[in-house]
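Enquirer: Provided herewith: target.pdb, PDB, C-alpha atoms and all ligand atoms.
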```pdb
ATOM      1  CA  MET A   1    -130.756 -52.207 261.382  1.00  0.00           C
ATOM      2  CA  ARG A   2    -127.393 -51.481 259.873  1.00  0.00           C
ATOM      3  CA  ILE A   3    -126.455 -54.168 257.371  1.00  0.00           C
ATOM      4  CA  HIS A   4    -122.935 -54.917 256.195  1.00  0.00           C
ATOM      5  CA  ILE A   5    -122.570 -57.468 253.409  1.00  0.00           C
ATOM      6  CA  LEU A   6    -119.002 -58.654 252.941  1.00  0.00           C
ATOM      7  CA  ASP A   7    -117.602 -60.685 250.078  1.00  0.00           C
ATOM      8  CA  ASN A   8    -116.762 -63.840 251.983  1.00  0.00           C
ATOM      9  CA  TYR A   9    -116.448 -65.521 255.379  1.00  0.00           C
ATOM     10  CA  ASP A  10    -113.007 -64.064 256.139  1.00  0.00           C
ATOM     11  CA  GLU A  11    -114.113 -60.510 255.447  1.00  0.00           C
ATOM     12  CA  MET A  12    -117.251 -61.034 257.497  1.00  0.00           C
ATOM     13  CA  SER A  13    -115.062 -62.246 260.387  1.00  0.00           C
ATOM     14  CA  THR A  14    -112.702 -59.271 260.035  1.00  0.00           C
ATOM     15  CA  LYS A  15    -115.606 -56.826 260.125  1.00  0.00           C
ATOM     16  CA  ALA A  16    -117.171 -58.464 263.184  1.00  0.00           C
ATOM     17  CA  ALA A  17    -113.809 -58.563 265.004  1.00  0.00           C
ATOM     18  CA  ALA A  18    -113.289 -54.868 264.229  1.00  0.00           C
ATOM     19  CA  ILE A  19    -116.694 -54.009 265.722  1.00  0.00           C
ATOM     20  CA  VAL A  20    -115.957 -55.985 268.912  1.00  0.00           C
ATOM     21  CA  ALA A  21    -112.445 -54.515 269.184  1.00  0.00           C
ATOM     22  CA  SER A  22    -113.780 -50.955 268.699  1.00  0.00           C
ATOM     23  CA  GLN A  23    -116.267 -51.538 271.500  1.00  0.00           C
ATOM     24  CA  ILE A  24    -113.439 -52.576 273.845  1.00  0.00           C
ATOM     25  CA  ILE A  25    -111.166 -49.732 272.774  1.00  0.00           C
ATOM     26  CA  LEU A  26    -113.961 -47.216 273.433  1.00  0.00           C
ATOM     27  CA  LYS A  27    -114.919 -48.863 276.727  1.00  0.00           C
ATOM     28  CA  PRO A  28    -112.187 -51.130 278.153  1.00  0.00           C
ATOM     29  CA  ASP A  29    -114.515 -52.575 280.818  1.00  0.00           C
ATOM     30  CA  SER A  30    -117.183 -53.543 278.293  1.00  0.00           C
ATOM     31  CA  VAL A  31    -119.619 -56.336 279.031  1.00  0.00           C
ATOM     32  CA  LEU A  32    -119.877 -58.625 276.001  1.00  0.00           C
ATOM     33  CA  GLY A  33    -122.510 -61.234 275.261  1.00  0.00           C
ATOM     34  CA  LEU A  34    -120.877 -64.046 273.308  1.00  0.00           C
ATOM     35  CA  ALA A  35    -122.088 -66.706 270.898  1.00  0.00           C
ATOM     36  CA  THR A  36    -120.757 -70.091 269.815  1.00  0.00           C
ATOM     37  CA  GLY A  37    -121.370 -72.131 266.653  1.00  0.00           C
ATOM     38  CA  SER A  38    -119.314 -72.227 263.487  1.00  0.00           C
ATOM     39  CA  THR A  39    -120.112 -68.653 262.396  1.00  0.00           C
ATOM     40  CA  PRO A  40    -118.063 -66.647 264.949  1.00  0.00           C
ATOM     41  CA  LEU A  41    -114.964 -68.919 264.846  1.00  0.00           C
ATOM     42  CA  GLY A  42    -113.172 -66.626 262.364  1.00  0.00           C
ATOM     43  CA  MET A  43    -114.050 -63.568 264.435  1.00  0.00           C
ATOM     44  CA  TYR A  44    -112.562 -65.140 267.571  1.00  0.00           C
ATOM     45  CA  ALA A  45    -109.396 -66.092 265.646  1.00  0.00           C
ATOM     46  CA  GLN A  46    -109.033 -62.497 264.454  1.00  0.00           C
ATOM     47  CA  LEU A  47    -109.578 -61.079 267.942  1.00  0.00           C
ATOM     48  CA  VAL A  48    -106.843 -63.410 269.226  1.00  0.00           C
ATOM     49  CA  GLU A  49    -104.508 -62.126 266.488  1.00  0.00           C
ATOM     50  CA  MET A  50    -105.361 -58.508 267.330  1.00  0.00           C
ATOM     51  CA  HIS A  51    -104.658 -59.213 270.985  1.00  0.00           C
ATOM     52  CA  LYS A  52    -101.252 -60.751 270.152  1.00  0.00           C
ATOM     53  CA  LYS A  53    -100.387 -57.546 268.293  1.00  0.00           C
ATOM     54  CA  ASN A  54    -101.424 -55.506 271.353  1.00  0.00           C
ATOM     55  CA  ARG A  55    -104.325 -53.942 269.511  1.00  0.00           C
ATOM     56  CA  VAL A  56    -106.990 -55.046 271.974  1.00  0.00           C
ATOM     57  CA  ASP A  57    -106.822 -55.642 275.698  1.00  0.00           C
ATOM     58  CA  PHE A  58    -109.351 -57.926 277.441  1.00  0.00           C
ATOM     59  CA  ARG A  59    -108.129 -57.305 281.021  1.00  0.00           C
ATOM     60  CA  GLU A  60    -111.231 -55.392 282.073  1.00  0.00           C
ATOM     61  CA  VAL A  61    -113.726 -57.113 279.783  1.00  0.00           C
ATOM     62  CA  LYS A  62    -116.544 -59.198 281.224  1.00  0.00           C
ATOM     63  CA  THR A  63    -118.383 -61.824 279.156  1.00  0.00           C
ATOM     64  CA  PHE A  64    -121.669 -63.714 279.264  1.00  0.00           C
ATOM     65  CA  ASN A  65    -122.180 -66.622 276.932  1.00  0.00           C
ATOM     66  CA  LEU A  66    -125.601 -67.214 275.487  1.00  0.00           C
ATOM     67  CA  ASP A  67    -126.079 -70.885 276.070  1.00  0.00           C
ATOM     68  CA  GLU A  68    -124.823 -74.372 276.901  1.00  0.00           C
ATOM     69  CA  TYR A  69    -125.979 -77.935 276.284  1.00  0.00           C
ATOM     70  CA  LEU A  70    -127.462 -79.583 279.344  1.00  0.00           C
ATOM     71  CA  GLY A  71    -125.742 -82.792 280.371  1.00  0.00           C
ATOM     72  CA  LEU A  72    -122.299 -82.028 278.971  1.00  0.00           C
ATOM     73  CA  ALA A  73    -119.383 -81.600 281.371  1.00  0.00           C
ATOM     74  CA  PRO A  74    -117.367 -78.384 280.913  1.00  0.00           C
ATOM     75  CA  ASP A  75    -114.465 -80.346 279.399  1.00  0.00           C
ATOM     76  CA  HIS A  76    -116.662 -82.245 276.913  1.00  0.00           C
ATOM     77  CA  LEU A  77    -115.320 -81.509 273.419  1.00  0.00           C
ATOM     78  CA  GLN A  78    -118.752 -80.365 272.216  1.00  0.00           C
ATOM     79  CA  SER A  79    -119.619 -78.237 275.229  1.00  0.00           C
ATOM     80  CA  TYR A  80    -119.749 -74.523 274.588  1.00  0.00           C
ATOM     81  CA  ASN A  81    -117.525 -74.080 277.633  1.00  0.00           C
ATOM     82  CA  TYR A  82    -114.783 -76.108 275.921  1.00  0.00           C
ATOM     83  CA  TYR A  83    -115.361 -74.235 272.636  1.00  0.00           C
ATOM     84  CA  MET A  84    -114.961 -70.825 274.279  1.00  0.00           C
ATOM     85  CA  PHE A  85    -111.727 -71.661 276.100  1.00  0.00           C
ATOM     86  CA  GLU A  86    -110.244 -73.541 273.157  1.00  0.00           C
ATOM     87  CA  ASN A  87    -111.073 -70.902 270.540  1.00  0.00           C
ATOM     88  CA  PHE A  88    -110.847 -67.700 272.506  1.00  0.00           C
ATOM     89  CA  PHE A  89    -110.399 -67.353 276.268  1.00  0.00           C
ATOM     90  CA  ASN A  90    -107.167 -69.395 276.489  1.00  0.00           C
ATOM     91  CA  HIS A  91    -105.506 -67.048 273.994  1.00  0.00           C
ATOM     92  CA  VAL A  92    -106.386 -63.604 275.383  1.00  0.00           C
ATOM     93  CA  ASN A  93    -105.829 -61.842 278.698  1.00  0.00           C
ATOM     94  CA  ILE A  94    -109.389 -62.037 280.007  1.00  0.00           C
ATOM     95  CA  ARG A  95    -109.644 -62.684 283.763  1.00  0.00           C
ATOM     96  CA  PRO A  96    -111.229 -66.076 284.557  1.00  0.00           C
ATOM     97  CA  GLU A  97    -113.530 -64.440 287.123  1.00  0.00           C
ATOM     98  CA  ASN A  98    -114.932 -62.203 284.375  1.00  0.00           C
ATOM     99  CA  ILE A  99    -116.071 -65.162 282.238  1.00  0.00           C
ATOM    100  CA  ASN A 100    -119.666 -66.354 282.577  1.00  0.00           C
ATOM    101  CA  ILE A 101    -121.056 -69.406 280.769  1.00  0.00           C
ATOM    102  CA  PRO A 102    -124.326 -71.107 281.730  1.00  0.00           C
ATOM    103  CA  PRO A 103    -123.463 -74.411 283.455  1.00  0.00           C
ATOM    104  CA  GLY A 104    -124.138 -77.624 281.535  1.00  0.00           C
ATOM    105  CA  ASN A 105    -124.208 -79.807 284.638  1.00  0.00           C
ATOM    106  CA  PRO A 106    -125.795 -77.734 287.385  1.00  0.00           C
ATOM    107  CA  GLU A 107    -126.823 -79.371 290.677  1.00  0.00           C
ATOM    108  CA  ASN A 108    -130.051 -77.411 290.625  1.00  0.00           C
ATOM    109  CA  ILE A 109    -131.148 -76.118 287.220  1.00  0.00           C
ATOM    110  CA  ASP A 110    -133.657 -73.532 288.471  1.00  0.00           C
ATOM    111  CA  ARG A 111    -131.131 -72.064 290.843  1.00  0.00           C
ATOM    112  CA  ALA A 112    -128.488 -71.999 288.090  1.00  0.00           C
ATOM    113  CA  CYS A 113    -130.845 -70.020 285.814  1.00  0.00           C
ATOM    114  CA  LEU A 114    -131.638 -67.521 288.565  1.00  0.00           C
ATOM    115  CA  SER A 115    -128.001 -67.064 289.466  1.00  0.00           C
ATOM    116  CA  TYR A 116    -127.036 -66.495 285.795  1.00  0.00           C
ATOM    117  CA  ASP A 117    -129.660 -63.751 285.528  1.00  0.00           C
ATOM    118  CA  ARG A 118    -128.489 -62.244 288.815  1.00  0.00           C
ATOM    119  CA  ALA A 119    -124.921 -62.088 287.462  1.00  0.00           C
ATOM    120  CA  ILE A 120    -126.157 -60.368 284.272  1.00  0.00           C
ATOM    121  CA  LYS A 121    -128.099 -57.842 286.359  1.00  0.00           C
ATOM    122  CA  GLU A 122    -125.094 -57.206 288.602  1.00  0.00           C
ATOM    123  CA  ALA A 123    -123.021 -56.443 285.508  1.00  0.00           C
ATOM    124  CA  ARG A 124    -125.710 -53.790 284.857  1.00  0.00           C
ATOM    125  CA  GLU A 125    -125.841 -53.965 281.071  1.00  0.00           C
ATOM    126  CA  ILE A 126    -124.510 -55.915 278.141  1.00  0.00           C
ATOM    127  CA  ASP A 127    -122.774 -53.358 275.948  1.00  0.00           C
ATOM    128  CA  LEU A 128    -122.500 -55.552 272.872  1.00  0.00           C
ATOM    129  CA  GLN A 129    -124.248 -58.862 272.292  1.00  0.00           C
ATOM    130  CA  VAL A 130    -122.777 -61.084 269.569  1.00  0.00           C
ATOM    131  CA  LEU A 131    -125.283 -63.447 267.966  1.00  0.00           C
ATOM    132  CA  GLY A 132    -125.359 -66.165 265.361  1.00  0.00           C
ATOM    133  CA  VAL A 133    -128.678 -67.448 264.063  1.00  0.00           C
ATOM    134  CA  GLY A 134    -130.077 -70.933 263.550  1.00  0.00           C
ATOM    135  CA  ILE A 135    -131.644 -71.759 260.192  1.00  0.00           C
ATOM    136  CA  ASN A 136    -134.993 -71.911 262.024  1.00  0.00           C
ATOM    137  CA  GLY A 137    -134.435 -68.408 263.420  1.00  0.00           C
ATOM    138  CA  HIS A 138    -133.270 -69.351 266.905  1.00  0.00           C
ATOM    139  CA  ILE A 139    -130.912 -67.007 268.701  1.00  0.00           C
ATOM    140  CA  GLY A 140    -128.941 -68.405 271.602  1.00  0.00           C
ATOM    141  CA  PHE A 141    -131.093 -71.477 272.071  1.00  0.00           C
ATOM    142  CA  ASN A 142    -134.358 -69.530 272.035  1.00  0.00           C
ATOM    143  CA  GLU A 143    -136.192 -71.880 269.714  1.00  0.00           C
ATOM    144  CA  PRO A 144    -139.281 -70.955 267.645  1.00  0.00           C
ATOM    145  CA  ASP A 145    -142.383 -71.295 269.802  1.00  0.00           C
ATOM    146  CA  PHE A 146    -145.750 -69.630 270.360  1.00  0.00           C
ATOM    147  CA  LYS A 147    -144.190 -67.883 273.347  1.00  0.00           C
ATOM    148  CA  LEU A 148    -140.658 -66.929 274.323  1.00  0.00           C
ATOM    149  CA  LYS A 149    -138.985 -66.581 277.713  1.00  0.00           C
ATOM    150  CA  THR A 150    -137.361 -63.359 278.850  1.00  0.00           C
ATOM    151  CA  GLU A 151    -134.912 -64.870 281.331  1.00  0.00           C
ATOM    152  CA  THR A 152    -132.410 -67.727 281.441  1.00  0.00           C
ATOM    153  CA  HIS A 153    -134.268 -71.011 281.077  1.00  0.00           C
ATOM    154  CA  VAL A 154    -134.131 -74.650 280.049  1.00  0.00           C
ATOM    155  CA  VAL A 155    -134.959 -75.359 276.414  1.00  0.00           C
ATOM    156  CA  ASN A 156    -136.088 -78.525 274.690  1.00  0.00           C
ATOM    157  CA  LEU A 157    -134.175 -78.403 271.433  1.00  0.00           C
ATOM    158  CA  THR A 158    -136.259 -78.805 268.281  1.00  0.00           C
ATOM    159  CA  PRO A 159    -135.687 -81.891 266.090  1.00  0.00           C
ATOM    160  CA  GLU A 160    -134.388 -79.487 263.398  1.00  0.00           C
ATOM    161  CA  THR A 161    -131.729 -78.014 265.716  1.00  0.00           C
ATOM    162  CA  ILE A 162    -130.717 -81.477 266.962  1.00  0.00           C
ATOM    163  CA  GLU A 163    -130.320 -82.611 263.358  1.00  0.00           C
ATOM    164  CA  THR A 164    -128.399 -79.458 262.303  1.00  0.00           C
ATOM    165  CA  ASN A 165    -126.057 -79.591 265.297  1.00  0.00           C
ATOM    166  CA  SER A 166    -125.430 -83.339 264.937  1.00  0.00           C
ATOM    167  CA  ARG A 167    -122.648 -82.435 262.475  1.00  0.00           C
ATOM    168  CA  PHE A 168    -120.456 -81.699 265.506  1.00  0.00           C
ATOM    169  CA  PHE A 169    -121.213 -85.033 267.234  1.00  0.00           C
ATOM    170  CA  ASP A 170    -120.442 -88.674 266.330  1.00  0.00           C
ATOM    171  CA  SER A 171    -124.129 -89.368 265.806  1.00  0.00           C
ATOM    172  CA  VAL A 172    -127.490 -87.631 266.146  1.00  0.00           C
ATOM    173  CA  GLU A 173    -128.171 -89.726 269.299  1.00  0.00           C
ATOM    174  CA  ASP A 174    -125.240 -88.025 271.021  1.00  0.00           C
ATOM    175  CA  VAL A 175    -126.714 -84.521 270.663  1.00  0.00           C
ATOM    176  CA  PRO A 176    -128.150 -83.350 273.998  1.00  0.00           C
ATOM    177  CA  ARG A 177    -131.931 -82.868 273.862  1.00  0.00           C
ATOM    178  CA  ARG A 178    -131.934 -79.926 276.235  1.00  0.00           C
ATOM    179  CA  ALA A 179    -129.955 -76.751 276.728  1.00  0.00           C
ATOM    180  CA  ILE A 180    -129.801 -73.778 279.048  1.00  0.00           C
ATOM    181  CA  SER A 181    -130.130 -70.417 277.301  1.00  0.00           C
ATOM    182  CA  MET A 182    -130.141 -66.757 278.076  1.00  0.00           C
ATOM    183  CA  GLY A 183    -133.673 -65.464 277.456  1.00  0.00           C
ATOM    184  CA  MET A 184    -134.897 -63.073 274.809  1.00  0.00           C
ATOM    185  CA  GLY A 185    -135.294 -60.328 277.434  1.00  0.00           C
ATOM    186  CA  SER A 186    -131.593 -60.336 278.300  1.00  0.00           C
ATOM    187  CA  ILE A 187    -130.673 -60.329 274.611  1.00  0.00           C
ATOM    188  CA  MET A 188    -133.056 -57.495 273.762  1.00  0.00           C
ATOM    189  CA  LYS A 189    -131.795 -55.428 276.711  1.00  0.00           C
ATOM    190  CA  ALA A 190    -128.247 -55.338 275.289  1.00  0.00           C
ATOM    191  CA  ASN A 191    -127.238 -51.853 274.199  1.00  0.00           C
ATOM    192  CA  LYS A 192    -126.008 -53.078 270.826  1.00  0.00           C
ATOM    193  CA  ILE A 193    -126.465 -56.349 268.978  1.00  0.00           C
ATOM    194  CA  LEU A 194    -124.088 -57.747 266.384  1.00  0.00           C
ATOM    195  CA  LEU A 195    -125.644 -60.611 264.435  1.00  0.00           C
ATOM    196  CA  MET A 196    -123.401 -62.613 262.123  1.00  0.00           C
ATOM    197  CA  ALA A 197    -124.456 -65.035 259.408  1.00  0.00           C
ATOM    198  CA  SER A 198    -122.616 -66.861 256.674  1.00  0.00           C
ATOM    199  CA  GLY A 199    -123.613 -69.133 253.810  1.00  0.00           C
ATOM    200  CA  LYS A 200    -126.614 -69.808 251.583  1.00  0.00           C
ATOM    201  CA  SER A 201    -128.383 -71.859 254.282  1.00  0.00           C
ATOM    202  CA  LYS A 202    -128.875 -68.640 256.272  1.00  0.00           C
ATOM    203  CA  ALA A 203    -130.202 -66.471 253.406  1.00  0.00           C
ATOM    204  CA  GLU A 204    -133.871 -67.245 254.061  1.00  0.00           C
ATOM    205  CA  VAL A 205    -133.710 -66.668 257.808  1.00  0.00           C
ATOM    206  CA  ILE A 206    -131.770 -63.433 257.293  1.00  0.00           C
ATOM    207  CA  LYS A 207    -134.499 -62.162 255.020  1.00  0.00           C
ATOM    208  CA  LYS A 208    -137.073 -63.021 257.707  1.00  0.00           C
ATOM    209  CA  THR A 209    -134.894 -61.351 260.356  1.00  0.00           C
ATOM    210  CA  VAL A 210    -134.665 -58.118 258.407  1.00  0.00           C
ATOM    211  CA  SER A 211    -138.114 -57.768 256.893  1.00  0.00           C
ATOM    212  CA  GLY A 212    -140.286 -60.741 257.812  1.00  0.00           C
ATOM    213  CA  GLU A 213    -143.282 -60.742 260.104  1.00  0.00           C
ATOM    214  CA  ILE A 214    -142.242 -60.172 263.728  1.00  0.00           C
ATOM    215  CA  THR A 215    -143.148 -63.462 265.351  1.00  0.00           C
ATOM    216  CA  THR A 216    -141.990 -65.735 268.170  1.00  0.00           C
ATOM    217  CA  GLU A 217    -141.923 -68.465 265.505  1.00  0.00           C
ATOM    218  CA  VAL A 218    -138.799 -66.715 264.161  1.00  0.00           C
ATOM    219  CA  PRO A 219    -137.089 -65.418 267.315  1.00  0.00           C
ATOM    220  CA  ALA A 220    -134.525 -63.445 265.267  1.00  0.00           C
ATOM    221  CA  SER A 221    -137.379 -61.372 263.768  1.00  0.00           C
ATOM    222  CA  LEU A 222    -137.826 -59.717 267.181  1.00  0.00           C
ATOM    223  CA  LEU A 223    -134.534 -57.944 266.541  1.00  0.00           C
ATOM    224  CA  GLN A 224    -136.488 -55.576 264.269  1.00  0.00           C
ATOM    225  CA  LEU A 225    -137.750 -54.048 267.527  1.00  0.00           C
ATOM    226  CA  HIS A 226    -134.255 -53.338 268.842  1.00  0.00           C
ATOM    227  CA  PRO A 227    -132.869 -49.835 268.204  1.00  0.00           C
ATOM    228  CA  GLU A 228    -129.275 -50.828 267.519  1.00  0.00           C
ATOM    229  CA  VAL A 229    -128.696 -54.002 265.546  1.00  0.00           C
ATOM    230  CA  ILE A 230    -125.729 -54.475 263.235  1.00  0.00           C
ATOM    231  CA  LEU A 231    -125.912 -57.353 260.775  1.00  0.00           C
ATOM    232  CA  VAL A 232    -122.601 -58.611 259.440  1.00  0.00           C
ATOM    233  CA  LEU A 233    -123.190 -61.062 256.614  1.00  0.00           C
ATOM    234  CA  ASP A 234    -121.268 -62.700 253.862  1.00  0.00           C
ATOM    235  CA  ARG A 235    -122.616 -62.363 250.321  1.00  0.00           C
ATOM    236  CA  GLU A 236    -124.464 -65.697 250.381  1.00  0.00           C
ATOM    237  CA  ALA A 237    -126.243 -65.043 253.679  1.00  0.00           C
ATOM    238  CA  GLY A 238    -127.285 -61.619 252.388  1.00  0.00           C
ATOM    239  CA  SER A 239    -128.322 -62.863 248.955  1.00  0.00           C
ATOM    240  CA  TYR A 240    -132.126 -62.698 249.540  1.00  0.00           C
ATOM    241  CA  LEU A 241    -132.043 -59.100 250.764  1.00  0.00           C
ATOM    242  CA  GLU A 242    -133.186 -56.448 248.318  1.00  0.00           C
TER     243      GLU A 242
HETATM  244  C1  LIG A 301    -126.383 -73.057 267.681  1.00  0.00           C
HETATM  245  C2  LIG A 301    -126.171 -72.088 268.872  1.00  0.00           C
HETATM  246  C3  LIG A 301    -126.421 -70.674 268.469  1.00  0.00           C
HETATM  247  C4  LIG A 301    -125.779 -70.435 267.130  1.00  0.00           C
HETATM  248  C5  LIG A 301    -126.540 -71.174 266.072  1.00  0.00           C
HETATM  249  C6  LIG A 301    -125.939 -71.130 264.691  1.00  0.00           C
HETATM  250  O1  LIG A 301    -127.284 -74.061 267.939  1.00  0.00           O
HETATM  251  N1  LIG A 301    -126.936 -72.401 270.041  1.00  0.00           N
HETATM  252  O2  LIG A 301    -125.934 -69.800 269.477  1.00  0.00           O
HETATM  253  O3  LIG A 301    -125.802 -69.072 266.818  1.00  0.00           O
HETATM  254  O4  LIG A 301    -126.836 -72.499 266.472  1.00  0.00           O
HETATM  255  O5  LIG A 301    -124.831 -71.949 264.601  1.00  0.00           O
HETATM  256  P1  LIG A 301    -123.803 -71.889 263.386  1.00  0.00           P
HETATM  257  O6  LIG A 301    -123.046 -70.614 263.561  1.00  0.00           O
HETATM  258  O7  LIG A 301    -122.934 -73.097 263.584  1.00  0.00           O
HETATM  259  O8  LIG A 301    -124.600 -71.921 262.152  1.00  0.00           O
END
```
Translate this structure into structure tokens?
Ligand code: GLP

Expert:
Amino acid sequence: MRIHILDNYDEMSTKAAAIVASQIILKPDSVLGLATGSTPLGMYAQLVEMHKKNRVDFREVKTFNLDEYLGLAPDHLQSYNYYMFENFFNHVNIRPENINIPPGNPENIDRACLSYDRAIKEAREIDLQVLGVGINGHIGFNEPDFKLKTETHVVNLTPETIETNSRFFDSVEDVPRRAISMGMGSIMKANKILLMASGKSKAEVIKKTVSGEITTEVPASLLQLHPEVILVLDREAGSYLE
């Protein structure tokens, strides 16, 4: 793992945006795996700025988002679909047909999972997968469990994740109990992985990610098995690393 520890959130975002932009400059038709959550917001804002200054061109880029809440319509303010368009896609020149987000309201969930995996396979490979991490070690919505799934699947969110994510909703009752998530197999097959983390609340899980026991109970720990992982952290998130 290559680990970059930056002084603060803004510098972490700048570093992550530079890594994503370099990927696209080197390979204009890159396939990106994208994450939501509060951590990558600054990175998306910086990529939008870079695009406005003609420094990065998304015309040939294809994207696959990691996950979506089940039961939320695409225009729901807390859906990841809404988040992605509001914070990123609406402000860059990506082609709508190149955007892939797991559906939150599919007619047939099993078929939706299969068709998401088929689309990933047709894209051949994810060049760069951006990840955040939950305080319990989840990546995407692959929650800690005694076993993990390789392909896109439905997840029952843990009480901890529901509680943590309730900060975005009016009340904890409004947080969907289930989500659809890309599996660990698709994540681990990405050529490169960029994991971002910010703040003291992530310090413990970052330590486990880097040097803890490799266990499905901390899905992020499996990244130790991947040959090309770049960690971009702010000082607080990296504070438990030696
Ligand atoms: C959410 C998302 C993840 C995200 C993580 C951390 O539940 N499903 O994709 O990486 O939790 O979120 P945050 O960046 O807000 O801490």

Enquirer: For segment 101-104 of chain A, please output as an MDAnalysis selection string all residues within 10 Å (counting all atoms listed in the file; exclusion window: fewer than 3 positions along the same chain).

Expert: chainID A and resid 33:34 63:74 76 79:81 84 107 109 112:113 115:117 152:153 178:182

Enquirer: What does the PyMOL selection byres (((not hetatm)) within 9 of (chain A and resi 301)) select in this file, as an mmCIF file with C-alpha atoms, in the frame of the given file?

Expert:
```cif
data_model
loop_
_atom_site.group_PDB
_atom_site.id
_atom_site.type_symbol
_atom_site.label_atom_id
_atom_site.label_comp_id
_atom_site.auth_asym_id
_atom_site.auth_seq_id
_atom_site.Cartn_x
_atom_site.Cartn_y
_atom_site.Cartn_z
ATOM 1 C CA LEU A 34 -120.877 -64.046 273.308
ATOM 2 C CA ALA A 35 -122.088 -66.706 270.898
ATOM 3 C CA THR A 36 -120.757 -70.091 269.815
ATOM 4 C CA GLY A 37 -121.370 -72.131 266.653
ATOM 5 C CA SER A 38 -119.314 -72.227 263.487
ATOM 6 C CA THR A 39 -120.112 -68.653 262.396
ATOM 7 C CA PRO A 40 -118.063 -66.647 264.949
ATOM 8 C CA LEU A 41 -114.964 -68.919 264.846
ATOM 9 C CA ASN A 65 -122.180 -66.622 276.932
ATOM 10 C CA LEU A 66 -125.601 -67.214 275.487
ATOM 11 C CA ASP A 67 -126.079 -70.885 276.070
ATOM 12 C CA GLU A 68 -124.823 -74.372 276.901
ATOM 13 C CA TYR A 69 -125.979 -77.935 276.284
ATOM 14 C CA TYR A 80 -119.749 -74.523 274.588
ATOM 15 C CA VAL A 130 -122.777 -61.084 269.569
ATOM 16 C CA LEU A 131 -125.283 -63.447 267.966
ATOM 17 C CA GLY A 132 -125.359 -66.165 265.361
ATOM 18 C CA VAL A 133 -128.678 -67.448 264.063
ATOM 19 C CA GLY A 134 -130.077 -70.933 263.550
ATOM 20 C CA ILE A 135 -131.644 -71.759 260.192
ATOM 21 C CA GLY A 137 -134.435 -68.408 263.420
ATOM 22 C CA HIS A 138 -133.270 -69.351 266.905
ATOM 23 C CA ILE A 139 -130.912 -67.007 268.701
ATOM 24 C CA GLY A 140 -128.941 -68.405 271.602
ATOM 25 C CA PHE A 141 -131.093 -71.477 272.071
ATOM 26 C CA ASN A 142 -134.358 -69.530 272.035
ATOM 27 C CA LEU A 157 -134.175 -78.403 271.433
ATOM 28 C CA THR A 161 -131.729 -78.014 265.716
ATOM 29 C CA ILE A 162 -130.717 -81.477 266.962
ATOM 30 C CA THR A 164 -128.399 -79.458 262.303
ATOM 31 C CA ASN A 165 -126.057 -79.591 265.297
ATOM 32 C CA ALA A 179 -129.955 -76.751 276.728
ATOM 33 C CA SER A 181 -130.130 -70.417 277.301
ATOM 34 C CA LEU A 195 -125.644 -60.611 264.435
ATOM 35 C CA MET A 196 -123.401 -62.613 262.123
ATOM 36 C CA ALA A 197 -124.456 -65.035 259.408
ATOM 37 C CA SER A 198 -122.616 -66.861 256.674
ATOM 38 C CA GLY A 199 -123.613 -69.133 253.810
ATOM 39 C CA SER A 201 -128.383 -71.859 254.282
ATOM 40 C CA LYS A 202 -128.875 -68.640 256.272
#
```

Enquirer: For the atom pair atom CA of Asn90 of chain A and atom CA of Ala16 of chain A, what is the interatomic distance in Å to one decimal place?

Expert: 19.9 Å

Enquirer: Quick one: distance from atom CA of Ile19 of chain A to atom CA of Leu194 of chain A in Å, one decimal?

Expert: 8.3 Å

Enquirer: So how many Å separate atom CA of Ser30 of chain A and atom CA of Lys62 of chain A, to one decimal?

Expert: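 Spanning atom CA of Ser30 of chain A to atom CA of Lys62 of chain A is a straight-line distance of 6.4 Å.
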
Enquirer: Name every residue that the PyMOL selection byres (((chain A and resi 22) around 12) and not hetatm) selects in this structure, writing the answer as a list in words with chains first and numbers rising.

Expert: Lys15, Ala16, Ala17, Ala18, Ile19, Val20, Ala21, Gln23, Ile24, Ile25, Leu26, Lys27, Pro28, Ser30, Leu47, Met50, Arg55, Val56, Asp57, Asp127 and Leu128 of chain A

Enquirer: Between A:Lys53, A:Lys192, A:Arg167, A:Arg59, which one has atoms that come closest to Pro96 of chain A, using all atoms listed in the file?

Expert: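 Residue with the minimum atom-to-atom distance to Pro96 of chain A: A:Arg59.
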
Enquirer: Which one of A:Met188, A:Glu122, A:Ala203, A:Gly238 sits closest to Leu225 of chain A if you count only C-alpha atoms?

Expert: A:Met188

Enquirer: Name the residues captured by the PyMOL selection byres (((chain A and resi 42) around 8) and not hetatm) when it is applied to the shown file; answer as a list of chain:residue names.

Expert: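 Against this file, the PyMOL selection byres (((chain A and resi 42) around 8) and not hetatm) returns the residues A:Tyr9, A:Asp10, A:Ser13, A:Thr14, A:Thr39, A:Pro40, A:Leu41, A:Met43, A:Tyr44, A:Ala45, A:Gln46.
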
Enquirer: Padding 5 Å on every side, please: axis-aligned box over the listed atoms of segment 101-111 of chain A, centre and edge lengths to one decimal in Å, as AutoDock Vina command-line options.

Expert:
```
--center_x -127.4 --center_y -74.6 --center_z 285.8 --size_x 22.6 --size_y 20.4 --size_z 20.1
```

Enquirer: Pick the closest to Val31 of chain A from A:Asn100, A:Asn136, A:Asn87, A:Gln78: which is it, counting only C-alpha atoms?

Expert: A:Asn100

Enquirer: Might you pull out every residue within 10 Å of Asn191 of chain A, with all atoms listed in the file counted and same-chain residues fewer than 5 positions away left off, and present them as a PyMOL selection string?

Expert: chain A and resi 125-129+226-229
